[in-house]
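Dropping upload.cif in here (mmCIF, C-alpha atoms):
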```cif
data_work
#
loop_
_atom_site.label_atom_id
_atom_site.label_comp_id
_atom_site.auth_asym_id
_atom_site.auth_seq_id
_atom_site.Cartn_x
_atom_site.Cartn_y
_atom_site.Cartn_z
CA LEU A 1 -3.65 64.94 61.54
CA ALA A 2 -3.41 66.99 58.35
CA PRO A 3 -1.64 70.36 58.76
CA LEU A 4 -3.82 73.43 58.96
CA PRO A 5 -4.09 75.57 55.81
CA GLU A 6 -1.96 78.68 56.01
CA HIS A 7 -4.79 81.10 56.83
CA GLN A 8 -6.26 78.71 59.44
CA ALA A 9 -2.82 78.31 61.01
CA SER A 10 -2.55 82.11 61.30
CA TRP A 11 -5.92 82.31 63.04
CA HIS A 12 -4.93 79.44 65.32
CA LYS A 13 -1.74 81.32 66.23
CA ALA A 14 -3.74 84.48 66.98
CA SER A 15 -6.16 82.51 69.15
CA CYS A 16 -3.29 80.95 71.10
CA MET A 17 -1.70 84.38 71.60
CA ASN A 18 -5.00 85.77 72.91
CA SER A 19 -5.30 82.90 75.40
CA GLY A 20 -1.71 83.43 76.55
CA LEU A 21 -2.26 87.17 76.92
CA ARG A 22 -5.41 86.65 78.99
CA TRP A 23 -3.46 84.38 81.37
CA LEU A 24 -0.53 86.81 81.58
CA ILE A 25 -2.78 89.81 82.27
CA GLY A 26 -4.69 87.88 84.94
CA TRP A 27 -1.45 86.88 86.61
CA CYS A 28 -0.12 90.44 86.54
CA CYS A 29 -3.37 91.88 87.89
CA SER A 30 -3.14 89.59 90.89
CA ARG A 31 0.29 91.02 91.73
CA THR A 32 0.27 94.66 90.57
CA ARG A 33 -1.70 97.82 91.00
CA GLY A 34 -4.83 98.29 88.91
CA ASN A 35 -3.44 101.03 86.62
CA VAL A 36 -0.39 98.92 85.72
CA CYS A 37 -2.64 95.98 85.04
CA TRP A 38 -4.85 97.97 82.67
CA ARG A 39 -1.80 99.30 80.84
CA LEU A 40 -0.63 95.75 80.32
CA ALA A 41 -4.11 94.77 79.18
CA SER A 42 -4.15 97.60 76.61
CA VAL A 43 -0.75 96.64 75.25
CA GLY A 44 -1.72 92.97 75.09
CA TRP A 45 -5.01 93.68 73.32
CA PHE A 46 -3.26 95.86 70.75
CA ALA A 47 -0.65 93.17 70.08
CA ALA A 48 -3.37 90.58 69.60
CA GLN A 49 -5.20 92.81 67.11
CA LEU A 50 -1.99 93.21 65.10
CA VAL A 51 -1.70 89.43 64.81
CA VAL A 52 -5.34 89.15 63.66
CA VAL A 53 -4.89 91.90 61.07
CA SER A 54 -1.72 90.21 59.85
CA ALA A 55 -3.59 86.91 59.45
CA ARG A 56 -6.31 88.62 57.44
CA ALA A 57 -3.75 90.39 55.28
CA GLN A 58 -2.04 87.08 54.47
CA GLN A 59 -5.35 85.39 53.63
CA ARG A 60 -6.78 88.13 51.43
CA PRO A 61 -4.34 88.05 48.46
CA ALA A 62 -4.90 84.31 47.93
CA GLU A 63 -8.67 84.76 48.06
CA ASP A 64 -8.53 87.67 45.60
CA GLU A 65 -6.34 85.67 43.21
CA ALA A 66 -8.72 82.70 43.51
CA ASP A 67 -11.68 84.93 42.64
CA ARG A 68 -9.85 86.42 39.65
CA SER A 69 -8.91 82.98 38.35
CA PHE A 70 -12.49 81.78 38.78
CA GLN A 71 -13.93 84.70 36.81
CA GLU A 72 -11.23 84.23 34.19
CA GLY A 73 -12.21 80.57 33.90
CA ARG A 74 -15.87 81.46 33.32
CA THR A 75 -14.93 83.96 30.62
CA LEU A 76 -12.62 81.48 28.89
CA LEU A 77 -15.20 78.69 29.07
CA ALA A 78 -17.86 80.93 27.52
CA SER A 79 -15.46 81.84 24.70
CA GLY A 80 -14.64 78.20 23.96
CA ALA A 81 -11.07 78.22 25.31
CA ILE A 82 -11.70 74.98 27.19
CA GLN A 83 -8.14 74.03 28.16
CA HIS A 84 -7.28 77.49 29.48
CA ALA A 85 -10.60 77.62 31.32
CA CYS A 86 -9.86 74.30 33.05
CA ASP A 87 -6.43 75.59 34.05
CA ALA A 88 -7.97 78.74 35.53
CA PHE A 89 -10.59 76.80 37.51
CA ALA A 90 -7.92 74.39 38.78
CA LYS A 91 -5.76 77.32 39.93
CA SER A 92 -8.72 78.96 41.67
CA TYR A 93 -9.59 75.73 43.49
CA GLU A 94 -5.98 75.22 44.57
CA LEU A 95 -5.88 78.71 46.09
CA ARG A 96 -9.33 78.53 47.66
CA PRO A 97 -11.10 75.14 47.66
CA ARG A 98 -14.84 75.66 47.10
CA SER A 99 -17.49 73.24 45.88
CA GLY A 100 -18.73 75.73 43.27
CA THR A 101 -15.27 76.05 41.74
CA LEU A 102 -14.92 72.27 41.71
CA LEU A 103 -18.29 71.96 39.96
CA HIS A 104 -17.20 74.43 37.25
CA LEU A 105 -13.93 72.52 36.83
CA ALA A 106 -15.87 69.27 36.41
CA VAL A 107 -18.08 70.79 33.70
CA CYS A 108 -15.00 72.16 31.98
CA LEU A 109 -13.21 68.81 32.04
CA GLU A 110 -16.29 67.09 30.64
CA GLN A 111 -16.44 69.55 27.75
CA LYS A 112 -12.73 68.99 27.22
CA GLY A 113 -13.40 65.26 26.81
CA ASP A 114 -11.63 64.11 29.97
CA SER A 115 -14.58 62.08 31.23
CA VAL A 116 -12.73 60.17 33.95
CA ALA A 117 -11.36 63.32 35.60
CA ALA A 118 -14.73 65.03 35.21
CA PHE A 119 -16.51 62.11 36.88
CA HIS A 120 -14.24 62.26 39.93
CA ARG A 121 -14.59 66.06 40.17
CA PHE A 122 -18.39 65.81 40.05
CA GLU A 123 -18.29 63.23 42.84
CA ALA A 124 -15.98 65.44 44.90
CA SER A 125 -18.11 68.55 44.32
CA LEU A 126 -21.22 66.66 45.43
CA ALA A 127 -19.46 65.42 48.57
CA ALA A 128 -18.32 68.98 49.37
CA ALA A 129 -21.61 70.72 48.58
CA LEU A 130 -23.86 68.68 50.87
CA PRO A 131 -22.03 69.36 54.17
CA ALA A 132 -21.78 73.04 53.18
CA GLY A 133 -25.55 73.23 52.79
CA ARG A 134 -25.37 73.95 49.05
CA LEU A 135 -28.15 71.54 48.13
CA ASP A 136 -28.81 73.58 44.98
CA ARG A 137 -25.63 72.18 43.46
CA ALA A 138 -26.46 68.54 44.14
CA PRO A 139 -28.95 67.93 41.25
CA LEU A 140 -26.48 69.18 38.61
CA ALA A 141 -23.67 67.04 39.99
CA ARG A 142 -25.88 63.95 40.24
CA THR A 143 -27.16 64.41 36.67
CA HIS A 144 -23.64 64.59 35.26
CA ILE A 145 -22.49 61.64 37.40
CA ALA A 146 -25.33 59.51 36.04
CA THR A 147 -24.58 60.54 32.45
CA LEU A 148 -20.86 59.87 32.75
CA THR A 149 -21.45 56.52 34.48
CA GLY A 150 -23.07 55.29 31.28
CA LYS A 151 -20.32 56.72 29.06
CA LEU A 152 -17.34 55.35 30.98
CA ALA A 153 -15.99 51.81 31.14
CA TRP A 154 -15.57 50.13 34.51
CA LEU A 155 -12.79 47.80 35.56
CA SER A 156 -13.21 45.45 38.51
CA ILE A 157 -10.31 43.40 39.88
CA GLN A 158 -11.15 39.98 41.32
CA LEU A 159 -8.34 37.82 42.68
CA ASP A 160 -8.94 34.12 42.00
CA PHE A 161 -6.51 32.87 44.64
CA GLU A 162 -6.38 33.09 48.41
CA ALA A 163 -2.65 33.53 48.83
CA ASP A 164 -1.58 36.28 51.20
CA LEU A 165 0.18 38.83 48.97
CA PRO A 166 0.48 42.07 50.96
CA ASP A 167 2.90 43.53 48.40
CA LEU A 168 0.74 42.78 45.36
CA GLN A 169 0.71 45.70 42.92
CA ILE A 170 -1.89 45.92 40.16
CA SER A 171 -1.76 48.66 37.54
CA CYS A 172 -3.84 49.70 34.57
CA ASP A 173 -2.03 51.64 31.85
CA GLY A 174 0.79 52.25 34.32
CA ILE A 175 -1.49 53.69 37.03
CA ALA A 176 -1.64 51.78 40.34
CA LEU A 177 -5.04 50.40 41.35
CA ALA A 178 -6.31 49.76 44.86
CA THR A 179 -6.48 46.02 45.58
CA GLY A 180 -8.36 46.20 48.87
CA THR A 181 -11.63 47.55 47.49
CA SER A 182 -14.44 46.09 45.43
CA SER A 183 -15.33 49.43 43.84
CA PRO A 184 -14.80 49.41 40.05
CA THR A 185 -12.31 51.82 38.49
CA ALA A 186 -13.55 54.36 35.94
CA LEU A 187 -11.80 54.19 32.57
CA GLU A 188 -12.27 55.57 29.12
CA PRO A 189 -13.88 52.93 26.83
CA GLY A 190 -11.34 51.07 24.73
CA THR A 191 -8.21 48.97 25.13
CA HIS A 192 -6.20 48.96 28.35
CA VAL A 193 -3.17 47.07 29.68
CA VAL A 194 -3.45 45.53 33.14
CA THR A 195 -0.35 44.30 34.98
CA ALA A 196 0.22 42.56 38.31
CA ASN A 197 3.46 42.14 40.26
CA ALA A 198 4.30 40.56 43.60
CA PRO A 199 7.56 39.42 45.24
CA GLY A 200 8.26 35.79 44.45
CA ARG A 201 5.67 35.68 41.66
CA ASP A 202 5.98 35.87 37.90
CA PRO A 203 4.79 39.22 36.48
CA PHE A 204 1.36 39.14 34.86
CA GLU A 205 0.15 41.29 31.97
CA THR A 206 -3.00 41.23 29.88
CA THR A 207 -4.73 43.50 27.38
CA ILE A 208 -8.46 44.07 27.76
CA THR A 209 -11.10 45.96 25.81
CA ILE A 210 -14.02 47.45 27.70
CA ALA A 211 -17.07 49.07 26.12
CA ALA A 212 -18.89 52.11 27.46
CA GLY A 213 -21.10 51.25 30.40
CA ALA A 214 -19.58 47.77 30.76
CA LYS A 215 -18.42 46.56 34.16
#
```
As structure tokens, the full file:
Amino acid sequence: LAPLPEHQASWHKASCMNSGLRWLIGWCCSRTRGNVCWRLASVGWFAAQLVVVSARAQQRPAEDEADRSFQEGRTLLASGAIQHACDAFAKSYELRPRSGTLLHLAVCLEQKGDSVAAFHRFEASLAAALPAGRLDRAPLARTHIATLTGKLAWLSIQLDFEADLPDLQISCDGIALATGTSSPTALEPGTHVVTANAPGRDPFETTITIAAGAK
């Protein structure tokens, strides 16, 4: 399982403390006088509230910084400072992942000319928006995905042998490609170098040229 984000871990800790305190108070009440029990309950409740407040205090600065970076990104994008705007949106998303921030980052990357990165961000923003109920963001993401699909080149790897090569490594321009999927890889149109390596096999390298929209 993936580790909990820091603020979720804090809330999880507070929840566990509350459960432990409820058990401890119940145990004490079964063995002590009522007034002692209520004093313990008051102390336990106060301690639990301190943990909750601490969790909120730790979460708030990151959220505030994420909001500031997001607004900074919008201002920079409107002024034409594309690279700095993309950096600001990326920072905001890192601090507080939200589908709206990811959508702005995708638009920014597309304006920057990084079509491959923009395509993947639009896909990710669409995947994040639908479960969150933000259906209003879906049409914009889908429109840009369709536009970029026609602008990008697409590389498909088909192995013409049946040998079992579990350690086969295929790369394009030095970036490793997945060999267990039939989904094409998005690339910028133009010339690319594809290499393949496997233990006990001679290295393979070829140069290909792919046009926009070609698969």
From A:Ala153, A:Leu168, A:Leu159, A:Ala178, residue lying nearest Thr209 (chain A) [only C-alpha atoms]: A:Ala153
Quick check on the file I pasted: which residues fall under the PyMOL selection byres ((chain A and resi 99) around 9)? Write them as a list in words.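 So the PyMOL selection byres ((chain A and resi 99) around 9), applied here, picks out Tyr93, Pro97, Arg98, Gly100, Thr101, Leu102, Leu103, His104, Ala124, Ser125, Leu126, Ala127, Ala128, Ala129, Ala132, Arg134 and Arg137 of chain A.
Shortest separation to Ile145 (chain A) among A:Asp173, A:Glu65, A:Glu110, A:Glu188 occurs at residue A:Glu110, atoms counted being all atoms listed in the file.
For the pair CA of Phe89 (chain A) and CA of Ala146 (chain A), the interatomic distance is 22.8 Å.
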CA of Leu76 (chain A) and CA of Ser92 (chain A) are how many Å apart?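 Interatomic distance here is 13.6 Å.
Distance annotation: of A:Ala78, A:Asp136, A:Gly190, A:Leu105, the residue with the minimal separation from Ala117 (chain A) is A:Leu105; atom set is only C-alpha atoms.
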Output check: residues returned by the PyMOL selection byres ((chain A and resi 193) around 7), as a ChimeraX atom specification: /A:172-173,192,194-195,206-208
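Take CA of Asp67 (chain A) and CA of Thr147 (chain A): the distance between them is 29.4 Å.
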Give me the result of the PyMOL selection byres ((chain A and resi 148) around 10) on this file, residue by residue, as a list in words. Glu110, Ser115, Val116, Ala118, Phe119, Phe122, Arg142, Thr143, His144, Ile145, Ala146, Thr147, Thr149, Gly150, Lys151, Leu152, Ala153, Ala186, Ala212 and Gly213 of chain A
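Every protein, DNA or RNA residue with an atom at most 10 Å from Asp64 (chain A), where all atoms listed in the file count and chain neighbours fewer than 5 positions away do not, is listed here: Gln59, Ser69, Phe70, Ser92, Leu95 and Arg96 of chain A.
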Write out as a VMD selection string the residues lying within 7 Å of Ala214 (chain A), counting all atoms listed in the file and excluding same-chain residues fewer than 3 positions away. chain A and resid 153 to 154 210 to 211
Show me, as a ChimeraX atom specification, the residues that have an atom within 8 Å of Thr185 (chain A) when counting all atoms listed in the file, minus same-chain residues fewer than 5 positions from it. /A:154-156,177
